[in-house]
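Visitor: Mind looking over this structure? Questions follow.
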Amino acid sequence: METALAILVGILVATGVYLMLARNLLRYLFGLVLLSNAANLAILAAGRLTRATPPLVPPGMMEPPLPVANPLPQALILTAIVIGFGLLAFALALLTRSYQQFQTLDSDQIREAEPVKEKKMEEAQG
Amino acid sequence: MSWILALPFLIPILAAMVAYLGRKHENTGRLVSVFSCLLLFGVTLLILAMVESGGVRVAQMGNWSAPFGITLVADRLSAIMLLVSATIGLAVAIFGLAEIDRERELLGYHCFYQLLLAGVCGSFVTGDLFNLYVWFEVMLIASFALLVLGNTPVQLDGGTKYVAMNLVSTLLMLTGIGLLYGLTGTLNMAELHRELAVMDAPVAMDLLRVLFICAFGIKAAIFPLFFWLPASYHAPPLPVTAVFAGLLTKVGVYALIRTFTLLFPAGDGFGHELLLAVALLTMVTGVLGAAAQYEFRKILSFHIVSQIGFLVLGLALNSPLALAGAIFYMVHNIVAKTNLFLICGTAGRLTGSYELREIGGLYRAAPILAALFFIAAFSLAGFPPLSGFWAKFLLIKSSLEQAAYWVCAIALLTGLLTLFSMSKIWAEAFWKPHPAAGDYSLGKLRPSVRAMHLGPIVVLALITLSLGLLPEPFIEFSLLAARDLLEPAEYVTAVLGTYAK
């Protein structure tokens, strides 16, 4: 099972990185989404996959009878999913807004913060 | 009493809520923001005093004993970083009162500002790696909002680059934490220290080192991961830039120092060698990038990168003296850098532009501002007897002790080039006459605005001066903090107590 997950994570990372190398910002964002899912799956796999009872403590006992599934990675992933959801939603909103502003998603053409050389030269001469 | 360790993030979070609810009222946000920063300053001062008198302080959240719950820890490094952050938070909050327009206040500026401080302070007190990740995210989302608040085209473009790069860093950090958990079965940093010391998995450890260097390196803006910084830091209103410049990258450096002393101490792996090479390249590229710029804020932004190199250098050299140098440098740099940005803001307000070619004449028009710039800028360049001199002195002395002469040469060269950039600003903005005649003096600002501008700048300049003229107690303190980092036995025992696996 770990092997299958590891391969899946690998595929997700490869696809994600491929998308992120594009100049189109929306592709970049989609790549990021895949990458964040890959990270979450990696945590799940790193926390050992066990087909076992949920870690609930029966009445009258101090600890659950072994073996139990490890709940911590799932708690971590849950936190990471929530945070990742917020961040990606923000990033999507930002992209929408900058598309409205610049009428393009090509990162090479959006040079508002770092104007290209020619413009600077003109300014210097003018 | 250990609950006091939670206050550095509880106060700003509470203030953020109140500021958001009261944003419609003219003064609620402003008052809450300043009051919260004052309170934060008091609390962090108290924490520093507690750590000084009784060593490492620990608080177990929710009474879950370590390593099962989240532990808050304050050692000397955390305490001094908290205090400096609170100082900067207060200074920039006051400066922001004069610079942030009503529209941005309505959009929730004060709320996000406080959340940013909460994230920064949380990162400094946590003793749990995953909790560190969470605080990084709190800080990150607040910084996203502050960066694009106002929606100008420059902000949108800068914001996109900042968001794109920082989200990658987040994912790398998350993956690193996940793998580290898989390797050791714990996320408590003190227990990680114990576990990793006896761990025999060189490949996995090297992978983790690289992941953490990349993750924190993007946040800290080290070479070659710094390009988002000069692309975005000049976009938002100046108080936002100032607080980013002072605190955000330094949290990345703090995380690097913490992980590479506690989790991956120098020894078997190549972590510190990698950091050394990266530090030198960061110093040089940053300062060269600054030399090519002709915009006040962009020059200063590139200098942030260059200074980060010095901080990482202290960590990479890995001797008590070098680490003490890094800590001293960090404190000095946060104060001097923020101050330079604030001065830049006042200069921009007076002359109406940040382009060095379009401004000038400030030496004649605002001699006080010129004097204050002189203190901050020449401290940054490392002129005796200002604070930057002692910081560089410690680092260079330790590089000489280790016979790393080329490290020393590069550090000195970087200092020289920093001086070049600072004299460029001096010559262009202060010395040469303004291209257009007009009134550029401080007198044209309303008295209240003038006080909000000059007050924080003067106080920060005084801190720089006192660090420079009376360096001994601070160097003493940095040496103790460095010793704590390199021999973390006290930290580990304080967190874990008698617990053993």
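Labels used: A, B, ... for chains in the order of the structure tokens, numbers from 1 for residues in each chain, and numbers from 1 for ligands as shown.
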Under the rule of at most 9 Å, produce a per-residue listing of chain B near chain A: chain, number, name, the closest pair of atoms, and the distance in Å, as a Markdown table, using only C-alpha atoms.

Guide:
```
| residue | atom | partner | partner_atom | distance |
| --- | --- | --- | --- | --- |
| B:Phe130 | CA | A:Leu76 | CA | 7.8 |
| B:Val134 | CA | A:Ile83 | CA | 8.1 |
| B:Glu137 | CA | A:Ile83 | CA | 7.3 |
| B:Val138 | CA | A:Ile83 | CA | 8.9 |
| B:Leu140 | CA | A:Leu87 | CA | 8.8 |
| B:Ile141 | CA | A:Leu87 | CA | 6.9 |
| B:Phe144 | CA | A:Phe90 | CA | 8.5 |
| B:Ala145 | CA | A:Phe90 | CA | 8.9 |
| B:Val148 | CA | A:Leu94 | CA | 8.5 |
| B:Asn151 | CA | A:Arg97 | CA | 8.5 |
| B:Pro153 | CA | A:Glu112 | CA | 6.6 |
| B:Val154 | CA | A:Ala113 | CA | 5.0 |
| B:Gln155 | CA | A:Ala113 | CA | 7.4 |
| B:Leu156 | CA | A:Ser98 | CA | 5.9 |
| B:Asp157 | CA | A:Ala113 | CA | 5.9 |
| B:Gly158 | CA | A:Ala113 | CA | 5.6 |
| B:Gly159 | CA | A:Leu94 | CA | 8.1 |
| B:Thr160 | CA | A:Leu94 | CA | 7.0 |
| B:Val163 | CA | A:Ala91 | CA | 6.9 |
| B:Ala164 | CA | A:Leu29 | CA | 8.0 |
| B:Leu167 | CA | A:Leu32 | CA | 7.8 |
| B:Val168 | CA | A:Leu32 | CA | 7.4 |
| B:Leu171 | CA | A:Ser36 | CA | 6.1 |
| B:Leu172 | CA | A:Ala39 | CA | 8.0 |
| B:Leu174 | CA | A:Ala39 | CA | 6.7 |
| B:Thr175 | CA | A:Ala39 | CA | 5.2 |
| B:Gly176 | CA | A:Ala39 | CA | 9.0 |
| B:Ile177 | CA | A:Ile43 | CA | 8.1 |
| B:Gly178 | CA | A:Ile43 | CA | 4.4 |
| B:Leu179 | CA | A:Ala46 | CA | 5.8 |
| B:Leu180 | CA | A:Ala46 | CA | 8.4 |
| B:Tyr181 | CA | A:Gly47 | CA | 7.0 |
| B:Gly182 | CA | A:Ala46 | CA | 4.3 |
| B:Leu183 | CA | A:Ala46 | CA | 7.6 |
| B:Gly185 | CA | A:Gly47 | CA | 7.8 |
| B:Pro230 | CA | A:Glu114 | CA | 8.7 |
| B:Ala231 | CA | A:Ala113 | CA | 6.2 |
| B:Ser232 | CA | A:Ala113 | CA | 6.9 |
| B:His234 | CA | A:Ala113 | CA | 8.0 |
| B:Ala235 | CA | A:Ala113 | CA | 6.8 |
| B:Arg357 | CA | A:Ala124 | CA | 8.8 |
```

Visitor: Please produce a file of those selected residues containing C-alpha atoms, as a PDB file, in the first residue's frame.

Guide:
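See part.pdb below for the written result:
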```
ATOM      1  CA  PHE B 130       3.902  21.426  13.116  1.00  0.00           C
ATOM      2  CA  VAL B 134       0.684  26.762  11.484  1.00  0.00           C
ATOM      3  CA  GLU B 137       0.648  30.150   7.699  1.00  0.00           C
ATOM      4  CA  VAL B 138      -1.017  32.676   9.989  1.00  0.00           C
ATOM      5  CA  LEU B 140       1.650  34.250   5.529  1.00  0.00           C
ATOM      6  CA  ILE B 141      -2.069  34.781   5.034  1.00  0.00           C
ATOM      7  CA  PHE B 144      -0.839  38.250   1.623  1.00  0.00           C
ATOM      8  CA  ALA B 145      -3.749  40.410   2.690  1.00  0.00           C
ATOM      9  CA  VAL B 148      -2.586  43.396  -1.853  1.00  0.00           C
ATOM     10  CA  ASN B 151      -5.745  46.652  -5.134  1.00  0.00           C
ATOM     11  CA  PRO B 153      -1.839  47.185 -10.255  1.00  0.00           C
ATOM     12  CA  VAL B 154       1.668  47.125  -8.745  1.00  0.00           C
ATOM     13  CA  GLN B 155       0.339  45.426  -5.651  1.00  0.00           C
ATOM     14  CA  LEU B 156      -1.498  42.808  -7.705  1.00  0.00           C
ATOM     15  CA  ASP B 157       1.608  41.962  -9.686  1.00  0.00           C
ATOM     16  CA  GLY B 158       3.955  41.983  -6.686  1.00  0.00           C
ATOM     17  CA  GLY B 159       1.389  40.070  -4.658  1.00  0.00           C
ATOM     18  CA  THR B 160       1.075  37.334  -7.285  1.00  0.00           C
ATOM     19  CA  VAL B 163       2.043  34.368  -3.125  1.00  0.00           C
ATOM     20  CA  ALA B 164       3.336  32.000  -5.810  1.00  0.00           C
ATOM     21  CA  LEU B 167       3.056  28.763  -1.309  1.00  0.00           C
ATOM     22  CA  VAL B 168       5.825  26.563  -2.686  1.00  0.00           C
ATOM     23  CA  LEU B 171       4.441  22.884   0.685  1.00  0.00           C
ATOM     24  CA  LEU B 172       8.132  22.049   1.030  1.00  0.00           C
ATOM     25  CA  LEU B 174       4.844  20.576   5.097  1.00  0.00           C
ATOM     26  CA  THR B 175       6.434  17.695   3.204  1.00  0.00           C
ATOM     27  CA  GLY B 176       9.576  18.008   5.317  1.00  0.00           C
ATOM     28  CA  ILE B 177       7.566  17.905   8.517  1.00  0.00           C
ATOM     29  CA  GLY B 178       5.595  14.886   7.289  1.00  0.00           C
ATOM     30  CA  LEU B 179       8.725  12.944   6.413  1.00  0.00           C
ATOM     31  CA  LEU B 180      10.414  13.923   9.659  1.00  0.00           C
ATOM     32  CA  TYR B 181       7.407  12.619  11.545  1.00  0.00           C
ATOM     33  CA  GLY B 182       7.538   9.398   9.571  1.00  0.00           C
ATOM     34  CA  LEU B 183      11.212   9.028  10.474  1.00  0.00           C
ATOM     35  CA  GLY B 185       7.394   9.580  15.264  1.00  0.00           C
ATOM     36  CA  PRO B 230      12.628  42.607  -4.614  1.00  0.00           C
ATOM     37  CA  ALA B 231       9.652  41.917  -6.904  1.00  0.00           C
ATOM     38  CA  SER B 232       7.069  42.540  -4.234  1.00  0.00           C
ATOM     39  CA  HIS B 234       8.082  47.916  -2.916  1.00  0.00           C
ATOM     40  CA  ALA B 235       4.438  47.340  -3.891  1.00  0.00           C
ATOM     41  CA  ARG B 357      16.492  60.592  -9.874  1.00  0.00           C
TER      42      ARG B 357
END
```

Visitor: Excluding B:Thr346 and residues on its chain fewer than 4 positions from it, collect all residues at most 8 Å away from it, counting only C-alpha atoms, and give them as a list in words.

Guide: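 Skipping anything fewer than 4 positions along the chain leaves Leu342, Leu350 and His453 of chain B.
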
Visitor: Which residues are near B:Leu248? Cut-off 9 Å, only C-alpha atoms, ignore same chain within fewer than 6 positions. Put them as a list in words.

Guide: Val120, Met139, Leu140, Ser143, Lys219 and Ala220 of chain B

Visitor: Just the selected residues (C-alpha atoms), exported as a PDB file, in the first residue's frame, please.

Guide:
```
ATOM      1  CA  VAL B 120       5.504  36.225  13.997  1.00  0.00           C
ATOM      2  CA  MET B 139       1.816  35.062   9.228  1.00  0.00           C
ATOM      3  CA  LEU B 140       1.650  34.250   5.529  1.00  0.00           C
ATOM      4  CA  SER B 143       1.023  39.185   4.828  1.00  0.00           C
ATOM      5  CA  LYS B 219      10.962  32.627   3.499  1.00  0.00           C
ATOM      6  CA  ALA B 220      14.336  34.010   4.487  1.00  0.00           C
TER       7      ALA B 220
END
```

Visitor: Find the residues near B:Leu380: any atom within 10 Å, counting only C-alpha atoms, skip ones fewer than 5 places away on the same chain, and give them as a PDB file with C-alpha atoms, in the first residue's frame.

Guide:
```pdb
ATOM      1  CA  HIS B 303      19.933  44.987   0.936  1.00  0.00           C
ATOM      2  CA  GLN B 307      21.945  41.090   5.158  1.00  0.00           C
ATOM      3  CA  TYR B 329      23.330  41.004  13.756  1.00  0.00           C
ATOM      4  CA  HIS B 332      20.730  45.179  14.911  1.00  0.00           C
ATOM      5  CA  ASN B 333      19.493  44.484  11.413  1.00  0.00           C
ATOM      6  CA  VAL B 335      16.032  47.717  13.990  1.00  0.00           C
ATOM      7  CA  ALA B 336      18.265  49.446  11.423  1.00  0.00           C
ATOM      8  CA  LYS B 337      16.474  48.041   8.386  1.00  0.00           C
ATOM      9  CA  LEU B 340      15.703  52.847   6.974  1.00  0.00           C
ATOM     10  CA  PHE B 374      23.020  58.713   8.530  1.00  0.00           C
ATOM     11  CA  ILE B 375      22.793  56.725  11.771  1.00  0.00           C
ATOM     12  CA  LEU B 386      27.374  52.003  15.314  1.00  0.00           C
ATOM     13  CA  SER B 387      25.664  48.694  16.011  1.00  0.00           C
ATOM     14  CA  GLY B 388      26.397  47.153  12.599  1.00  0.00           C
ATOM     15  CA  PHE B 389      30.116  47.426  13.264  1.00  0.00           C
ATOM     16  CA  ALA B 391      27.718  42.682  14.548  1.00  0.00           C
ATOM     17  CA  LYS B 392      30.106  42.405  11.620  1.00  0.00           C
ATOM     18  CA  GLY B 415      30.253  45.762   3.665  1.00  0.00           C
ATOM     19  CA  THR B 418      26.712  48.293   1.146  1.00  0.00           C
ATOM     20  CA  LEU B 419      28.462  51.540   1.887  1.00  0.00           C
ATOM     21  CA  MET B 422      24.077  53.911   1.091  1.00  0.00           C
ATOM     22  CA  THR B 464      20.843  51.560  17.087  1.00  0.00           C
TER      23      THR B 464
END
```

Visitor: Quick one: everything within 7 Å of B:Ala66, counting only C-alpha atoms, minus sequence neighbours fewer than 3 positions away in the same chain. Send it as a PyMOL selection string.

Guide: chain B and resi 60+69+71+495-496

Visitor: Would you work out the distance separating atom CA of B:Leu467 from atom CA of B:Ile304, expressed in Å to one decimal?

Guide: 19.7 Å

Visitor: Excluding B:Ala215 and any residue of its chain fewer than 2 positions from it, enumerate the residues within 12 Å of it, using only C-alpha atoms, and give them as a PyMOL selection string.

Guide: chain B and resi 133+136+165-177+208-213+217-222+225-226+252-253+255-256+259

Visitor: Could you write those residues out with N, CA, C and O atoms, as a short mmCIF file (atom, residue, chain, number, x, y, z; two decimals), in the first residue's frame?

Guide:
```
data_model
loop_
_atom_site.label_atom_id
_atom_site.label_comp_id
_atom_site.auth_asym_id
_atom_site.auth_seq_id
_atom_site.Cartn_x
_atom_site.Cartn_y
_atom_site.Cartn_z
N TYR B 133 4.67 25.43 11.63
CA TYR B 133 4.06 25.51 10.30
C TYR B 133 2.77 26.32 10.35
O TYR B 133 2.54 27.20 9.53
N PHE B 136 3.51 29.94 10.73
CA PHE B 136 4.00 30.46 9.46
C PHE B 136 2.82 30.79 8.55
O PHE B 136 2.82 31.80 7.85
N MET B 165 5.53 32.17 -4.79
CA MET B 165 6.77 31.62 -4.23
C MET B 165 6.56 31.10 -2.82
O MET B 165 7.05 30.04 -2.45
N ASN B 166 5.79 31.85 -2.03
CA ASN B 166 5.64 31.45 -0.63
C ASN B 166 4.78 30.22 -0.47
O ASN B 166 4.95 29.47 0.49
N LEU B 167 3.85 29.99 -1.41
CA LEU B 167 3.06 28.76 -1.31
C LEU B 167 3.94 27.54 -1.56
O LEU B 167 3.75 26.49 -0.94
N VAL B 168 4.90 27.68 -2.45
CA VAL B 168 5.82 26.56 -2.69
C VAL B 168 6.60 26.26 -1.41
O VAL B 168 6.76 25.10 -1.01
N SER B 169 7.07 27.33 -0.77
CA SER B 169 7.83 27.14 0.46
C SER B 169 7.00 26.42 1.51
O SER B 169 7.48 25.50 2.19
N THR B 170 5.73 26.82 1.61
CA THR B 170 4.81 26.17 2.54
C THR B 170 4.73 24.67 2.30
O THR B 170 4.80 23.87 3.23
N LEU B 171 4.60 24.31 1.01
CA LEU B 171 4.44 22.88 0.69
C LEU B 171 5.72 22.12 1.00
O LEU B 171 5.67 20.98 1.50
N LEU B 172 6.87 22.73 0.72
CA LEU B 172 8.13 22.05 1.03
C LEU B 172 8.25 21.82 2.53
O LEU B 172 8.66 20.74 2.99
N MET B 173 7.87 22.84 3.29
CA MET B 173 7.95 22.72 4.74
C MET B 173 7.03 21.61 5.24
O MET B 173 7.42 20.78 6.05
N LEU B 174 5.82 21.58 4.68
CA LEU B 174 4.84 20.58 5.10
C LEU B 174 5.36 19.17 4.78
O LEU B 174 5.29 18.26 5.62
N THR B 175 5.89 19.00 3.57
CA THR B 175 6.43 17.70 3.20
C THR B 175 7.57 17.31 4.14
O THR B 175 7.64 16.17 4.62
N GLY B 176 8.46 18.27 4.41
CA GLY B 176 9.58 18.01 5.32
C GLY B 176 9.09 17.55 6.68
O GLY B 176 9.59 16.57 7.24
N ILE B 177 8.09 18.25 7.20
CA ILE B 177 7.57 17.90 8.52
C ILE B 177 6.96 16.51 8.49
O ILE B 177 7.18 15.70 9.40
N LEU B 208 15.98 15.63 4.31
CA LEU B 208 15.26 16.56 5.19
C LEU B 208 16.00 17.88 5.31
O LEU B 208 15.39 18.95 5.31
N ARG B 209 17.33 17.79 5.41
CA ARG B 209 18.12 19.03 5.49
C ARG B 209 17.82 19.91 4.29
O ARG B 209 17.57 21.11 4.42
N VAL B 210 17.85 19.29 3.08
CA VAL B 210 17.63 20.08 1.87
C VAL B 210 16.21 20.65 1.85
O VAL B 210 16.01 21.83 1.53
N LEU B 211 15.24 19.82 2.24
CA LEU B 211 13.86 20.31 2.25
C LEU B 211 13.71 21.52 3.17
O LEU B 211 13.09 22.51 2.82
N PHE B 212 14.31 21.42 4.36
CA PHE B 212 14.15 22.53 5.31
C PHE B 212 14.94 23.76 4.87
O PHE B 212 14.49 24.88 5.05
N ILE B 213 16.12 23.54 4.29
CA ILE B 213 16.87 24.70 3.79
C ILE B 213 16.06 25.40 2.71
O ILE B 213 15.95 26.63 2.69
N GLY B 217 14.50 28.71 3.45
CA GLY B 217 15.31 29.59 2.60
C GLY B 217 14.46 30.50 1.74
O GLY B 217 14.80 31.67 1.53
N ILE B 218 13.32 29.99 1.25
CA ILE B 218 12.44 30.85 0.46
C ILE B 218 11.90 31.97 1.36
O ILE B 218 11.89 33.13 0.99
N LYS B 219 11.49 31.61 2.57
CA LYS B 219 10.96 32.63 3.50
C LYS B 219 12.05 33.62 3.87
O LYS B 219 11.78 34.81 4.01
N ALA B 220 13.26 33.12 4.06
CA ALA B 220 14.34 34.01 4.49
C ALA B 220 14.94 34.75 3.31
O ALA B 220 15.74 35.66 3.50
N ALA B 221 14.58 34.38 2.08
CA ALA B 221 15.10 35.02 0.87
C ALA B 221 16.61 34.84 0.73
O ALA B 221 17.37 35.79 0.64
N ILE B 222 17.08 33.59 0.72
CA ILE B 222 18.49 33.34 0.48
C ILE B 222 18.69 33.02 -1.00
O ILE B 222 17.75 32.68 -1.70
N LEU B 225 16.87 31.77 -4.00
CA LEU B 225 15.40 31.69 -3.83
C LEU B 225 14.81 33.04 -3.45
O LEU B 225 13.71 33.10 -2.92
N PHE B 226 15.53 34.13 -3.68
CA PHE B 226 15.10 35.42 -3.12
C PHE B 226 14.32 36.29 -4.09
O PHE B 226 13.89 37.38 -3.72
N GLY B 252 12.10 33.49 8.95
CA GLY B 252 12.70 32.41 8.18
C GLY B 252 14.10 32.08 8.71
O GLY B 252 14.44 30.90 8.89
N VAL B 253 14.89 33.11 8.98
CA VAL B 253 16.24 32.87 9.50
C VAL B 253 16.18 32.24 10.88
O VAL B 253 16.94 31.32 11.19
N ALA B 255 13.88 30.30 11.98
CA ALA B 255 13.53 28.88 11.81
C ALA B 255 14.75 28.09 11.35
O ALA B 255 14.96 26.96 11.80
N LEU B 256 15.54 28.69 10.48
CA LEU B 256 16.78 28.01 10.04
C LEU B 256 17.71 27.78 11.22
O LEU B 256 18.25 26.69 11.42
N THR B 259 16.23 25.03 13.53
CA THR B 259 16.32 23.65 13.03
C THR B 259 17.77 23.21 12.88
O THR B 259 18.08 22.06 13.15
#
```

Visitor: Quick one: pick out all alpha helix (DSSP H) residues within stretch 163-393 of chain B from a backbone DSSP run and write them as a ChimeraX atom specification.

Guide: /B:163-184,189-197,202-220,228-232,238-243,249-258,271-291,296-317,320-351,362-365,367-381,387-393
